[in-house]
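Novice: Input query_36.pdb, format and content: PDB, C-alpha atoms.
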ATOM      1  CA  MET A 473     113.485 164.681 155.221
ATOM      2  CA  GLN A 474     109.855 163.971 155.909
ATOM      3  CA  LYS A 475     107.003 166.214 156.975
ATOM      4  CA  ASN A 476     105.404 163.662 159.288
ATOM      5  CA  LYS A 477     108.506 162.258 160.881
ATOM      6  CA  PRO A 478     108.361 158.797 162.435
ATOM      7  CA  LYS A 479     109.004 158.505 166.153
ATOM      8  CA  LEU A 480     112.404 157.268 167.325
ATOM      9  CA  LEU A 481     112.908 156.357 170.961
ATOM     10  CA  ILE A 482     116.460 156.665 172.200
ATOM     11  CA  LEU A 483     117.082 154.687 175.373
ATOM     12  CA  SER A 484     120.164 155.683 177.339
ATOM     13  CA  ASP A 485     122.826 153.408 178.699
ATOM     14  CA  ILE A 486     123.109 152.555 182.401
ATOM     15  CA  TRP A 487     124.428 156.032 183.276
ATOM     16  CA  GLY A 488     121.288 157.890 182.185
ATOM     17  CA  LYS A 489     121.302 161.597 181.407
ATOM     18  CA  GLU A 490     124.154 162.520 183.786
ATOM     19  CA  LYS A 491     126.819 160.990 181.555
ATOM     20  CA  SER A 492     125.122 161.307 178.181
ATOM     21  CA  GLU A 493     126.874 164.229 176.486
ATOM     22  CA  TRP A 494     127.776 161.757 173.712
ATOM     23  CA  ILE A 495     124.084 161.357 172.770
ATOM     24  CA  ASP A 496     124.272 164.620 170.788
ATOM     25  CA  GLU A 497     126.333 162.740 168.194
ATOM     26  CA  TYR A 498     123.134 160.791 167.459
ATOM     27  CA  THR A 499     120.345 163.299 168.013
ATOM     28  CA  SER A 500     121.929 166.070 165.945
ATOM     29  CA  VAL A 501     122.013 163.841 162.858
ATOM     30  CA  LEU A 502     118.769 161.910 163.432
ATOM     31  CA  THR A 503     116.490 164.814 164.432
ATOM     32  CA  PRO A 504     115.811 165.960 160.840
ATOM     33  CA  TYR A 505     114.412 162.492 160.073
ATOM     34  CA  PHE A 506     112.685 161.497 163.315
ATOM     35  CA  LYS A 507     110.600 162.884 166.118
ATOM     36  CA  ILE A 508     112.978 161.860 168.911
ATOM     37  CA  GLN A 509     111.933 160.864 172.412
ATOM     38  CA  TYR A 510     114.919 160.365 174.741
ATOM     39  CA  TYR A 511     114.504 158.187 177.817
ATOM     40  CA  ASP A 512     116.899 158.069 180.743
ATOM     41  CA  ILE A 513     116.567 154.384 181.618
ATOM     42  CA  CYS A 514     117.451 155.118 185.246
ATOM     43  CA  CYS A 515     114.243 157.154 185.462
ATOM     44  CA  LEU A 516     112.268 154.460 183.640
ATOM     45  CA  GLY A 517     113.661 151.819 186.005
ATOM     46  CA  GLU A 518     113.160 153.936 189.136
ATOM     47  CA  ILE A 519     116.877 153.575 189.883
ATOM     48  CA  ASP A 520     118.356 155.340 192.921
ATOM     49  CA  LYS A 521     121.317 157.401 191.693
ATOM     50  CA  ASN A 522     122.568 158.387 195.158
ATOM     51  CA  GLN A 523     125.345 155.799 194.835
ATOM     52  CA  TYR A 524     126.289 156.612 191.255
ATOM     53  CA  THR A 525     128.719 153.809 190.497
ATOM     54  CA  GLU A 526     128.526 151.265 187.717
ATOM     55  CA  GLU A 527     128.274 148.414 190.214
ATOM     56  CA  LYS A 528     125.418 149.983 192.224
ATOM     57  CA  LEU A 529     123.463 150.999 189.109
ATOM     58  CA  HIS A 530     123.957 147.571 187.520
ATOM     59  CA  LEU A 531     122.758 145.762 190.652
ATOM     60  CA  GLN A 532     119.578 147.823 190.729
ATOM     61  CA  PHE A 533     118.861 147.112 187.064
ATOM     62  CA  VAL A 534     119.348 143.354 187.355
ATOM     63  CA  ASN A 535     117.362 143.246 190.624
ATOM     64  CA  GLY A 536     114.090 144.584 189.241
ATOM     65  CA  GLY A 537     115.074 147.770 187.418
ATOM     66  CA  ILE A 538     114.937 146.229 183.950
ATOM     67  CA  GLU A 539     111.430 144.933 184.636
ATOM     68  CA  LYS A 540     110.285 148.309 186.027
ATOM     69  CA  ALA A 541     111.792 150.167 183.078
ATOM     70  CA  THR A 542     110.113 147.786 180.639
ATOM     71  CA  ALA A 543     106.724 148.188 182.342
ATOM     72  CA  ASN A 544     107.055 151.987 182.461
ATOM     73  CA  LEU A 545     108.068 152.157 178.796
ATOM     74  CA  LEU A 546     105.011 150.087 177.885
ATOM     75  CA  LYS A 547     102.803 152.551 179.804
ATOM     76  CA  LEU A 548     104.361 155.553 178.042
ATOM     77  CA  GLU A 549     104.476 154.282 174.462
ATOM     78  CA  LYS A 550     101.332 153.015 172.755
ATOM     79  CA  GLU A 551     102.071 153.629 169.072
ATOM     80  CA  PRO A 552     104.545 151.810 166.807
ATOM     81  CA  VAL A 553     108.072 153.236 167.161
ATOM     82  CA  TYR A 554     111.651 152.875 166.021
ATOM     83  CA  ILE A 555     114.139 152.370 168.847
ATOM     84  CA  LEU A 556     117.827 153.029 169.276
ATOM     85  CA  GLY A 557     118.946 151.553 172.577
ATOM     86  CA  PHE A 558     122.378 151.621 174.151
ATOM     87  CA  SER A 559     123.615 148.825 176.399
ATOM     88  CA  THR A 560     120.899 148.148 179.000
ATOM     89  CA  GLY A 561     118.609 150.509 177.065
ATOM     90  CA  GLY A 562     118.666 148.075 174.137
ATOM     91  CA  HIS A 563     117.809 145.216 176.478
ATOM     92  CA  ILE A 564     114.855 147.161 177.901
ATOM     93  CA  ALA A 565     113.616 147.846 174.361
ATOM     94  CA  TRP A 566     113.940 144.138 173.499
ATOM     95  CA  ARG A 567     111.929 143.160 176.604
ATOM     96  CA  ALA A 568     109.271 145.795 175.814
ATOM     97  CA  GLY A 569     109.010 144.300 172.320
ATOM     98  CA  LEU A 570     108.457 140.858 173.813
ATOM     99  CA  TYR A 571     105.670 142.277 176.010
ATOM    100  CA  GLY A 572     103.795 143.989 173.219
ATOM    101  CA  LEU A 573     105.436 147.281 172.305
ATOM    102  CA  LYS A 574     105.103 147.612 168.553
ATOM    103  CA  ILE A 575     108.643 148.215 167.365
ATOM    104  CA  LYS A 576     109.138 149.006 163.693
ATOM    105  CA  TYR A 577     112.907 148.492 163.925
ATOM    106  CA  LEU A 578     115.191 147.949 166.918
ATOM    107  CA  PHE A 579     118.786 149.135 166.807
ATOM    108  CA  ALA A 580     120.565 147.799 169.904
ATOM    109  CA  VAL A 581     124.157 148.858 170.505
ATOM    110  CA  SER A 582     126.357 147.046 173.048
ATOM    111  CA  SER A 583     123.302 145.347 174.558
ATOM    112  CA  THR A 584     125.247 142.512 176.126
ATOM    113  CA  ARG A 585     122.507 141.321 178.500
ATOM    114  CA  LEU A 586     120.632 140.050 175.451
ATOM    115  CA  ARG A 587     122.823 136.961 175.867
ATOM    116  CA  TYR A 588     120.290 135.802 178.481
ATOM    117  CA  GLU A 589     117.290 136.113 176.143
ATOM    118  CA  THR A 590     115.832 132.985 174.563
ATOM    119  CA  GLU A 591     113.267 134.596 172.278
ATOM    120  CA  LYS A 592     113.235 137.744 170.208
ATOM    121  CA  PRO A 593     110.622 140.415 169.538
ATOM    122  CA  LYS A 594     108.745 140.225 166.256
ATOM    123  CA  THR A 595     110.514 143.080 164.485
ATOM    124  CA  ASN A 596     113.594 143.874 162.471
ATOM    125  CA  ILE A 597     116.649 143.941 164.710
ATOM    126  CA  ASN A 598     120.097 145.390 164.126
ATOM    127  CA  LEU A 599     122.759 144.529 166.719
ATOM    128  CA  SER A 600     126.187 146.136 167.108
ATOM    129  CA  TYR A 601     128.981 145.210 169.515
ATOM    130  CA  GLY A 602     132.603 146.012 170.193
ATOM    131  CA  LYS A 603     134.684 142.920 169.458
ATOM    132  CA  ASN A 604     136.625 143.459 172.718
ATOM    133  CA  ASP A 605     133.514 143.583 174.904
ATOM    134  CA  PRO A 606     133.880 140.516 177.164
ATOM    135  CA  TYR A 607     130.108 140.169 177.628
ATOM    136  CA  ILE A 608     128.919 139.984 174.012
ATOM    137  CA  PRO A 609     126.646 137.042 173.307
ATOM    138  CA  ARG A 610     128.467 133.903 172.188
ATOM    139  CA  PRO A 611     128.185 132.696 168.573
ATOM    140  CA  ILE A 612     125.784 129.904 169.654
ATOM    141  CA  TRP A 613     123.355 132.552 170.991
ATOM    142  CA  PHE A 614     123.234 134.325 167.611
ATOM    143  CA  GLN A 615     122.639 130.977 165.922
ATOM    144  CA  LYS A 616     119.850 129.947 168.323
ATOM    145  CA  ILE A 617     118.108 133.329 168.265
ATOM    146  CA  GLY A 618     118.481 133.643 164.484
ATOM    147  CA  LEU A 619     120.313 136.954 164.327
ATOM    148  CA  SER A 620     123.672 138.309 163.313
ATOM    149  CA  ALA A 621     125.519 141.405 164.488
ATOM    150  CA  ARG A 622     128.051 143.923 163.382
ATOM    151  CA  PHE A 623     131.257 143.671 165.384
ATOM    152  CA  TYR A 624     133.604 146.632 165.629
ATOM    153  CA  LYS A 625     137.229 145.528 165.675
ATOM    154  CA  ASP A 626     139.337 146.842 168.573
ATOM    155  CA  GLU A 627     136.308 148.350 170.322
ATOM    156  CA  ALA A 628     134.963 147.747 173.835
ATOM    157  CA  HIS A 629     131.552 148.107 175.491
ATOM    158  CA  GLU A 630     131.169 151.913 175.464
ATOM    159  CA  MET A 631     132.281 152.244 171.847
ATOM    160  CA  TYR A 632     129.017 154.070 171.054
ATOM    161  CA  ARG A 633     130.364 157.149 172.854
ATOM    162  CA  LYS A 634     132.917 157.693 170.073
ATOM    163  CA  LYS A 635     132.105 160.112 167.264
ATOM    164  CA  GLU A 636     133.261 157.734 164.493
ATOM    165  CA  ILE A 637     131.120 154.891 165.840
ATOM    166  CA  ALA A 638     128.114 157.221 166.137
ATOM    167  CA  LYS A 639     128.536 158.173 162.471
ATOM    168  CA  ASP A 640     128.612 154.534 161.502
ATOM    169  CA  ILE A 641     125.567 153.671 163.631
ATOM    170  CA  HIS A 642     123.381 156.417 162.202
ATOM    171  CA  GLN A 643     124.572 155.572 158.697
ATOM    172  CA  SER A 644     123.392 152.026 159.403
ATOM    173  CA  ILE A 645     120.007 153.422 160.492
ATOM    174  CA  PHE A 646     119.764 155.454 157.268
ATOM    175  CA  ASN A 647     120.676 152.395 155.188
ATOM    176  CA  LYS A 648     118.308 149.977 156.941
ATOM    177  CA  LEU A 649     115.393 152.411 156.769
ATOM    178  CA  ASN A 650     116.170 153.592 153.227
ATOM    179  CA  LEU A 651     116.453 157.213 154.271
ATOM    180  CA  GLY A 652     119.063 157.850 151.605
ATOM    181  CA  GLU A 653     121.360 159.939 153.784
ATOM    182  CA  THR A 654     125.086 159.499 153.403
ATOM    183  CA  HIS A 655     127.695 161.024 155.655
ATOM    184  CA  SER A 656     131.358 161.029 154.915
ATOM    185  CA  PRO A 657     133.755 160.190 157.749
TER     186      PRO A 657
END
Would you put the structure from the file into structure tokens?
Specialist:
Amino acid sequence: MQKNKPKLLILSDIWGKEKSEWIDEYTSVLTPYFKIQYYDICCLGEIDKNQYTEEKLHLQFVNGGIEKATANLLKLEKEPVYILGFSTGGHIAWRAGLYGLKIKYLFAVSSTRLRYETEKPKTNINLSYGKNDPYIPRPIWFQKIGLSARFYKDEAHEMYRKKEIAKDIHQSIFNKLNLGETHSP
């Protein structure tokens, strides 16, 4: 553990804080190593939660919410950061990186909308997807963008909500950042 902990932004999935009890699986393990800043991407994207359905939230994000969230994140964060983004949160982090946010390392989990991106931010990127997620980028996208990903067999889009996946994701963060932490399953 470090005295001057680096900053880690955690960007929620499309549901924001209302359905984020699972996030404790990440923050409880990562807090000793990082100064964590959690962002509800619905707040960042100025999303109306009055009709709190996946379809209504998704429509708002793809019709301007992603751009608003990206712009608001850029206003809030001026220093270099690490980012762990879930689903649309990972896509927002990616876009912020393209527009100038200095990202030391981006961990994007189930960020399927990246399949529409044609360039990548200038940083280290770690992607994770459930093999059964129908919207994961196609192999040609990974080839064109110059990245690979970890695919979890028999897992779907919201795999990151599972305790065993969370353990694996933060172990990956420890390994990539040479933090030396090892957790047994």
Novice: By how many Å are CA of Ile555 (chain A) and CA of His530 (chain A) apart?
Specialist: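 Distance between the two atoms: 21.6 Å.
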Novice: Quick one: pull the distance between CA of Thr595 (chain A) and CA of Glu493 (chain A), Å, one decimal.
Specialist: 29.3 Å
Novice: Would you kindly identify which residues have an atom no farther than 6 Å from (110.4, 153.2, 184.8), using only C-alpha atoms and the file's own coordinates, and write them out as a list of chain:residue names?
Specialist: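 Output: A:Cys515, A:Leu516, A:Gly517, A:Glu518, A:Lys540, A:Ala541, A:Asn544.
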Novice: Can you list, as a PyMOL selection string, every protein, DNA or RNA residue that comes within 12 Å of Ile495 (chain A) when you count all atoms listed in the file, leaving out same-chain residues fewer than 2 positions away?
Specialist: chain A and resi 482-485+487-493+497-503+508+510-512+556-558+632-635+637-639+642
Novice: Going by the chain IDs and residue numbers used in this file, which residues fall under the PyMOL selection byres ((chain A and resi 596) around 10)? Write them as a list in words.
Specialist: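 What the PyMOL selection byres ((chain A and resi 596) around 10) grabs from the file is Tyr554, Ile575, Lys576, Tyr577, Leu578, Phe579, Lys592, Pro593, Lys594, Thr595, Ile597, Asn598, Leu619 and Lys648 of chain A.
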Novice: Once 8 Å is added on each side, what are the centre and the three edge lengths, in Å to one decimal, of the axis-aligned box enclosing the listed atoms of region 642-645 of chain A? Present them as JSON.
Specialist:
{"center_x": 122.3, "center_y": 154.2, "center_z": 160.4, "size_x": 20.6, "size_y": 20.4, "size_z": 19.5}
